[in-house]
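Before any comments, here is the structure.
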Amino acid sequence: MSSLFDEFDAVSSKQWKQQVQYELKGADYNETLVWESPEGIKVKPFYHVDEFKEPIVSGGKAASFTICQNIYVQDVEKSAGRALSTLKRGAESIRFTIPSADTDVEKLLSRLPKNIPIYFNLHFLSVDIVKKLDAIASGNGAAYFVSLDPIGQLAKDGNWFTNLETDIEALNTIAIACSNIHILSIDSKTYQNAGANIVQQIAYTLAHANEYFNRLATIGKPVTIQVAVGSNYFFEIAKIRAIRLLFGMIAKEYDHNFDCHIIATPTKRNKTLYDYNVNMLRTTTECMSAIFGGADAVANLAYDALYHKDNEFGDRIARNQLLVLKHESYLDKVNNPADGAYYIEDLTQQLAEKALVLFKDIEANGGFLTQLMESTIQRKIAESALREQELFDSGKEILLGTNKYPNKNDRMSHDLELYPFVKANPRKTLISPIIGKRLAEKIEQERIGSEKVIE
């Protein structure tokens, strides 16, 4: 059998461009159709195979992913019950956020199936707790991912758990003693939620990881990278691919031959308090970007996560979004789904190249920790965030229902279980923390204030 397309003559990129220029009727091709992203990447109206002199090394992987459920652990018994319930209703992995070192992890895990991946987001650094988890994993063969990230703690909070030497020593002790669990994590979400552009997010993630490669005696398991996914659909696909590609290149320099393990979550930066149902549309495309980019696990963000405590309805909708993408849209059935899409391939290559240049610059100027201490990273993220905020404030970057087509009848002041804005918390810190802030906060605070005046 011959291919149907063999009956047609091949059309080169030059011929396509000539036809496009003809259709423009004299308008300038570059000014009319080529636009530049905040990262300095010029996006063309079409991409063609003959523009690629060499095959692009894939930064993707199979689209097989697990549906992850976030659970904040306050009451161990209730959290364990909730985990069991969500697993019965479609969740395939659990991410426990544990605020206290007094939590009885053995009781928390005793009723759960042994064959599901479990992530532990600890708000502390405890050698004893991690050793307990390692012993449990050894006994039942479970896949446990413990998010130990002292550098991420410093970046987000402004302080170490204790101090640099003590934290790294504890991490080295754990790395040597615990062989059954994944213990190292890179929290890349901090950079995206604070307004870093995509090149910065990739470069800071790599530089963050490189600090651990330089400081830890051994890293015997794949490193977990927690990624926040924004709404720039194709760029976000390329971002995850570029992170995986560049991480592999850097890890090999340290004889670390494991692929990284990526767990993705929709960003909070573009989520809104008013017209909150639109958040479901945003998180759907963001989860799709995560899947097509090759994330190993996706933990969706509930549409009402900004202002409601964890609740059954919000969790169910967030989980069902992923269930539809997996079991009705079959997005997990294709290997490397973005391969061969020349636009995504080109974006992956350009983002990787620009991020690598920035990464090398960070290393040449003392490394990631040094630049954190000097507030260089914080300043660069703040500059990027300000540019994006100005675009939003001027209406060039749009969030529907907030700065475009707002519903003036929306009232939210009586529905706030959580404070949805940046909290002022004056305290002494070692460095200026990298603080996440949503684009819509200023507009929303003004609207909340107006509601109270009307009342």
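Each chain of the structure tokens is named A, B, ... in the order shown, its residues numbered from 1; ligands are numbered from 1 in display order.
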If you run DSSP over the backbone, which residues in stretch 249-377 of chain A end up helix (DSSP H, G or I)? Put them as a PyMOL selection string.
chain A and resi 249-252+278-293+312-328+342-364+368-373+376-377
Go ahead and write the selection's residues with C-alpha atoms as a short mmCIF file (atom, residue, chain, number, x, y, z; two decimals), in the first residue's frame.
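Heads up, here's the output in again-v2.cif:
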data_model
loop_
_atom_site.label_atom_id
_atom_site.label_comp_id
_atom_site.auth_asym_id
_atom_site.auth_seq_id
_atom_site.Cartn_x
_atom_site.Cartn_y
_atom_site.Cartn_z
CA MET A 249 22.86 16.35 30.75
CA ILE A 250 23.97 17.85 34.07
CA ALA A 251 23.32 14.71 36.13
CA LYS A 252 25.57 12.63 33.88
CA VAL A 278 -12.92 29.76 34.97
CA ASN A 279 -10.13 28.29 37.08
CA MET A 280 -11.34 24.85 35.96
CA LEU A 281 -10.66 25.77 32.34
CA ARG A 282 -7.21 27.06 33.25
CA THR A 283 -6.26 23.97 35.25
CA THR A 284 -7.50 21.66 32.48
CA THR A 285 -5.15 23.11 29.86
CA GLU A 286 -2.33 23.25 32.43
CA CYS A 287 -2.79 19.58 33.27
CA MET A 288 -2.75 18.81 29.54
CA SER A 289 0.56 20.68 29.18
CA ALA A 290 1.95 18.65 32.07
CA ILE A 291 0.85 15.38 30.50
CA PHE A 292 2.11 16.18 26.99
CA GLY A 293 5.35 17.49 28.49
CA GLU A 312 -15.03 17.03 48.99
CA PHE A 313 -16.58 18.83 46.01
CA GLY A 314 -13.47 20.77 44.99
CA ASP A 315 -11.27 17.68 45.29
CA ARG A 316 -13.72 15.58 43.30
CA ILE A 317 -13.91 18.05 40.43
CA ALA A 318 -10.10 18.40 40.32
CA ARG A 319 -9.66 14.62 40.32
CA ASN A 320 -12.36 14.13 37.68
CA GLN A 321 -10.63 16.57 35.34
CA LEU A 322 -7.63 14.25 35.31
CA LEU A 323 -9.81 11.16 35.06
CA VAL A 324 -11.46 12.57 31.93
CA LEU A 325 -8.07 13.39 30.40
CA LYS A 326 -6.79 9.90 31.12
CA HIS A 327 -9.76 7.57 30.71
CA GLU A 328 -11.93 9.43 28.20
CA TYR A 342 8.16 21.05 15.00
CA TYR A 343 6.89 24.06 16.95
CA ILE A 344 7.24 22.24 20.29
CA GLU A 345 10.57 20.76 19.24
CA ASP A 346 11.87 24.22 18.35
CA LEU A 347 10.54 25.73 21.60
CA THR A 348 12.17 22.94 23.60
CA GLN A 349 15.50 23.58 21.92
CA GLN A 350 15.36 27.36 22.30
CA LEU A 351 14.26 27.25 25.93
CA ALA A 352 16.95 24.69 26.72
CA GLU A 353 19.65 26.77 25.04
CA LYS A 354 18.66 30.00 26.78
CA ALA A 355 18.28 28.26 30.15
CA LEU A 356 21.69 26.64 29.76
CA VAL A 357 23.27 30.05 29.14
CA LEU A 358 21.62 31.42 32.30
CA PHE A 359 22.61 28.34 34.28
CA LYS A 360 26.26 28.76 33.24
CA ASP A 361 26.11 32.42 34.22
CA ILE A 362 24.79 31.49 37.69
CA GLU A 363 27.57 28.95 38.15
CA ALA A 364 30.21 31.39 36.92
CA PHE A 368 22.71 29.28 43.09
CA LEU A 369 23.14 29.63 46.86
CA THR A 370 25.55 32.53 46.49
CA GLN A 371 23.15 34.35 44.21
CA LEU A 372 20.30 33.71 46.63
CA MET A 373 22.36 35.17 49.45
CA THR A 376 20.34 38.34 42.67
CA ILE A 377 17.80 35.54 42.05
#
Give me the residues within 10 Å of A:Asp259 as a PyMOL selection string, counting only C-alpha atoms and dropping any in the same chain fewer than 2 places off.
chain A and resi 221-224+244-245+247-248+251-252+256-257+261-262
Between atom CA of A:Lys268 and atom CA of A:Glu397, what distance in Å does the model show, to one decimal?
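Between atom CA of A:Lys268 and atom CA of A:Glu397 the gap works out to 15.7 Å.
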If you run DSSP on the backbone, which residues of stretch 175-258 of chain A are strand (DSSP E), as a PyMOL selection string?
chain A and resi 182-187+224-229
Go ahead and save the residues from that selection, with all heavy atoms, as a CSV table (one decimal), in the first residue's frame.
chain,number,residue,atom,x,y,z
A,182,HIS,N,12.9,7.6,47.7
A,182,HIS,CA,13.4,8.8,47.1
A,182,HIS,C,13.4,9.9,48.1
A,182,HIS,O,12.4,10.3,48.6
A,182,HIS,CB,12.6,9.2,45.8
A,182,HIS,CG,12.4,8.1,44.8
A,182,HIS,ND1,11.7,6.9,45.1
A,182,HIS,CD2,12.9,8.0,43.6
A,182,HIS,CE1,11.7,6.1,44.0
A,182,HIS,NE2,12.4,6.8,43.1
A,183,ILE,N,14.6,10.6,48.3
A,183,ILE,CA,14.6,11.5,49.4
A,183,ILE,C,14.9,13.0,49.0
A,183,ILE,O,14.8,13.9,49.8
A,183,ILE,CB,15.6,11.1,50.5
A,183,ILE,CG1,17.1,10.9,49.9
A,183,ILE,CG2,15.2,9.8,51.1
A,183,ILE,CD1,18.0,12.1,50.1
A,184,LEU,N,15.3,13.2,47.7
A,184,LEU,CA,15.7,14.5,47.3
A,184,LEU,C,14.7,15.1,46.4
A,184,LEU,O,14.3,14.5,45.4
A,184,LEU,CB,17.1,14.5,46.6
A,184,LEU,CG,17.7,15.8,46.3
A,184,LEU,CD1,17.9,16.6,47.5
A,184,LEU,CD2,19.0,15.6,45.5
A,185,SER,N,14.3,16.3,46.6
A,185,SER,CA,13.3,17.0,45.8
A,185,SER,C,13.7,18.4,45.5
A,185,SER,O,14.4,19.1,46.3
A,185,SER,CB,12.0,17.0,46.6
A,185,SER,OG,11.0,17.8,45.9
A,186,ILE,N,13.4,18.9,44.3
A,186,ILE,CA,13.6,20.3,43.9
A,186,ILE,C,12.3,21.0,43.8
A,186,ILE,O,11.5,20.6,42.9
A,186,ILE,CB,14.4,20.4,42.6
A,186,ILE,CG1,15.6,19.5,42.6
A,186,ILE,CG2,14.7,21.8,42.2
A,186,ILE,CD1,16.6,19.9,43.6
A,187,ASP,N,12.0,22.0,44.6
A,187,ASP,CA,10.7,22.7,44.5
A,187,ASP,C,10.8,23.8,43.5
A,187,ASP,O,11.2,25.0,43.9
A,187,ASP,CB,10.3,23.2,45.9
A,187,ASP,CG,8.9,23.8,45.9
A,187,ASP,OD1,8.3,23.8,44.8
A,187,ASP,OD2,8.4,24.2,46.9
A,224,THR,N,13.3,14.1,42.5
A,224,THR,CA,12.0,14.5,42.2
A,224,THR,C,12.0,16.0,42.0
A,224,THR,O,12.6,16.8,42.8
A,224,THR,CB,11.0,14.2,43.4
A,224,THR,OG1,11.0,12.8,43.7
A,224,THR,CG2,9.6,14.7,43.1
A,225,ILE,N,11.4,16.5,40.9
A,225,ILE,CA,11.2,17.9,40.6
A,225,ILE,C,9.8,18.2,40.6
A,225,ILE,O,9.0,17.7,39.9
A,225,ILE,CB,11.9,18.2,39.3
A,225,ILE,CG1,13.4,17.9,39.3
A,225,ILE,CG2,11.7,19.7,39.0
A,225,ILE,CD1,14.1,18.2,37.9
A,226,GLN,N,9.4,19.2,41.5
A,226,GLN,CA,8.0,19.7,41.6
A,226,GLN,C,7.9,20.9,40.7
A,226,GLN,O,8.6,21.9,40.9
A,226,GLN,CB,7.7,20.0,43.0
A,226,GLN,CG,7.8,18.8,44.0
A,226,GLN,CD,7.4,19.1,45.4
A,226,GLN,OE1,6.3,19.6,45.6
A,226,GLN,NE2,8.3,19.0,46.4
A,227,VAL,N,7.0,20.8,39.7
A,227,VAL,CA,6.9,21.9,38.7
A,227,VAL,C,5.5,22.5,38.8
A,227,VAL,O,4.5,21.8,38.9
A,227,VAL,CB,7.1,21.3,37.3
A,227,VAL,CG1,6.9,22.4,36.3
A,227,VAL,CG2,8.5,20.7,37.2
A,228,ALA,N,5.4,23.8,38.7
A,228,ALA,CA,4.1,24.5,38.6
A,228,ALA,C,3.9,24.8,37.1
A,228,ALA,O,4.9,25.3,36.4
A,228,ALA,CB,4.1,25.8,39.4
A,229,VAL,N,2.8,24.6,36.6
A,229,VAL,CA,2.5,24.7,35.1
A,229,VAL,C,1.5,25.9,34.9
A,229,VAL,O,0.5,26.0,35.5
A,229,VAL,CB,1.8,23.4,34.6
A,229,VAL,CG1,1.6,23.6,33.1
A,229,VAL,CG2,2.7,22.2,34.9
Just want the 12 Å neighbourhood of A:Thr32, counted on only C-alpha atoms, with same-chain residues fewer than 3 positions away dropped. Output as a PyMOL selection string.
chain A and resi 20-21+23-29+35-36+43-45
Those residues you just picked out, can you put them in a file as a compact mmCIF listing (two decimals), in the first residue's frame with N, CA and C atoms?
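Once everything was written out, this is selection_28.txt:
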# COMPACT_ATOMS: atom_id res chain seq x y z
N VAL A 20 2.61 32.80 2.00
CA VAL A 20 2.13 33.63 3.11
C VAL A 20 2.36 35.10 2.80
N GLN A 21 3.55 35.43 2.30
CA GLN A 21 3.85 36.83 1.98
C GLN A 21 2.93 37.35 0.89
N GLU A 23 -0.19 36.37 0.45
CA GLU A 23 -1.49 36.59 1.08
C GLU A 23 -1.51 37.84 1.97
N LEU A 24 -0.34 38.26 2.46
CA LEU A 24 -0.27 39.46 3.31
C LEU A 24 -0.45 40.74 2.51
N LYS A 25 -0.36 40.65 1.18
CA LYS A 25 -0.61 41.80 0.30
C LYS A 25 0.26 43.00 0.66
N GLY A 26 1.53 42.74 0.85
CA GLY A 26 2.48 43.82 1.08
C GLY A 26 2.83 44.09 2.53
N ALA A 27 2.07 43.54 3.48
CA ALA A 27 2.39 43.74 4.90
C ALA A 27 3.69 43.01 5.25
N ASP A 28 4.42 43.58 6.18
CA ASP A 28 5.70 42.98 6.57
C ASP A 28 5.47 41.65 7.30
N TYR A 29 6.13 40.60 6.83
CA TYR A 29 5.97 39.26 7.38
C TYR A 29 6.34 39.21 8.86
N TRP A 35 5.92 36.97 16.60
CA TRP A 35 5.83 37.67 17.89
C TRP A 35 6.90 37.13 18.84
N GLU A 36 7.24 37.97 19.81
CA GLU A 36 8.32 37.62 20.73
C GLU A 36 7.77 37.39 22.13
N VAL A 43 8.44 33.68 17.90
CA VAL A 43 7.55 32.58 17.48
C VAL A 43 7.06 32.85 16.07
N LYS A 44 7.32 31.90 15.19
CA LYS A 44 6.95 32.05 13.78
C LYS A 44 5.54 31.51 13.54
N PRO A 45 4.93 31.89 12.41
CA PRO A 45 3.57 31.42 12.14
C PRO A 45 3.50 29.96 11.73
Compile a residue-level contact table for stretch 186-269 of chain A against stretch 414-429 of chain A at a cut-off of 12 Å, reporting for every qualifying residue the shortest atom pair and its distance in Å to one decimal, with only C-alpha atoms counted, rows ordered by chain and ascending number, as a Markdown table.
| residue | atom | partner | partner_atom | distance |
| --- | --- | --- | --- | --- |
| A:Asn193 | CA | A:Val422 | CA | 11.8 |
| A:Ala194 | CA | A:Val422 | CA | 11.0 |
| A:Lys268 | CA | A:Pro420 | CA | 10.5 |
| A:Arg269 | CA | A:Phe421 | CA | 11.1 |
Output all heavy atoms for every residue in the selection just made, as a PDB file, in the first residue's frame.
ATOM      1  N   ASN A 193       5.419  30.470  40.659  1.00  0.00           N
ATOM      2  CA  ASN A 193       4.353  31.161  41.385  1.00  0.00           C
ATOM      3  C   ASN A 193       4.736  32.588  41.775  1.00  0.00           C
ATOM      4  O   ASN A 193       3.868  33.417  42.049  1.00  0.00           O
ATOM      5  CB  ASN A 193       3.972  30.365  42.637  1.00  0.00           C
ATOM      6  CG  ASN A 193       3.114  29.157  42.314  1.00  0.00           C
ATOM      7  OD1 ASN A 193       2.180  29.238  41.517  1.00  0.00           O
ATOM      8  ND2 ASN A 193       3.422  28.022  42.910  1.00  0.00           N
ATOM      9  N   ALA A 194       6.053  32.871  41.805  1.00  0.00           N
ATOM     10  CA  ALA A 194       6.507  34.222  42.144  1.00  0.00           C
ATOM     11  C   ALA A 194       6.660  35.107  40.915  1.00  0.00           C
ATOM     12  O   ALA A 194       6.920  36.306  41.060  1.00  0.00           O
ATOM     13  CB  ALA A 194       7.836  34.151  42.897  1.00  0.00           C
ATOM     14  N   LYS A 268      -0.613  28.822  40.774  1.00  0.00           N
ATOM     15  CA  LYS A 268      -1.610  29.682  41.425  1.00  0.00           C
ATOM     16  C   LYS A 268      -1.576  31.101  40.863  1.00  0.00           C
ATOM     17  O   LYS A 268      -2.483  31.886  41.110  1.00  0.00           O
ATOM     18  CB  LYS A 268      -1.356  29.733  42.937  1.00  0.00           C
ATOM     19  CG  LYS A 268      -1.717  28.457  43.670  1.00  0.00           C
ATOM     20  CD  LYS A 268      -1.578  28.630  45.177  1.00  0.00           C
ATOM     21  CE  LYS A 268      -2.021  27.372  45.918  1.00  0.00           C
ATOM     22  NZ  LYS A 268      -1.879  27.536  47.391  1.00  0.00           N
ATOM     23  N   ARG A 269      -0.543  31.421  40.115  1.00  0.00           N
ATOM     24  CA  ARG A 269      -0.313  32.802  39.719  1.00  0.00           C
ATOM     25  C   ARG A 269      -1.451  33.379  38.870  1.00  0.00           C
ATOM     26  O   ARG A 269      -1.777  34.557  38.978  1.00  0.00           O
ATOM     27  CB  ARG A 269       1.023  32.919  38.975  1.00  0.00           C
ATOM     28  CG  ARG A 269       1.383  34.347  38.620  1.00  0.00           C
ATOM     29  CD  ARG A 269       2.857  34.527  38.390  1.00  0.00           C
ATOM     30  NE  ARG A 269       3.167  35.863  37.886  1.00  0.00           N
ATOM     31  CZ  ARG A 269       3.251  36.952  38.644  1.00  0.00           C
ATOM     32  NH1 ARG A 269       3.049  36.870  39.943  1.00  0.00           N
ATOM     33  NH2 ARG A 269       3.553  38.121  38.095  1.00  0.00           N
TER      34      ARG A 269
END
Which of A:Asp332, A:Glu451, A:Asp102, A:Asp255 sits closest to A:Ala63 [using only C-alpha atoms]:
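Checking each candidate against A:Ala63, we get A:Asp332 as the closest.
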Can you list, as an MDAnalysis selection string, every protein, DNA or RNA residue that comes within 12 Å of A:Leu391 when you count only C-alpha atoms, leaving out same-chain residues fewer than 6 positions away?
chainID A and resid 38 384:385 397:399 403 439:440
For A:Ile219, the nearest of the candidates A:Gln200, A:Asn232, A:Ser179, A:Asn300, counting only C-alpha atoms:
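Between A:Gln200, A:Asn232, A:Ser179, A:Asn300, the residue approaching A:Ile219 most closely is A:Ser179.
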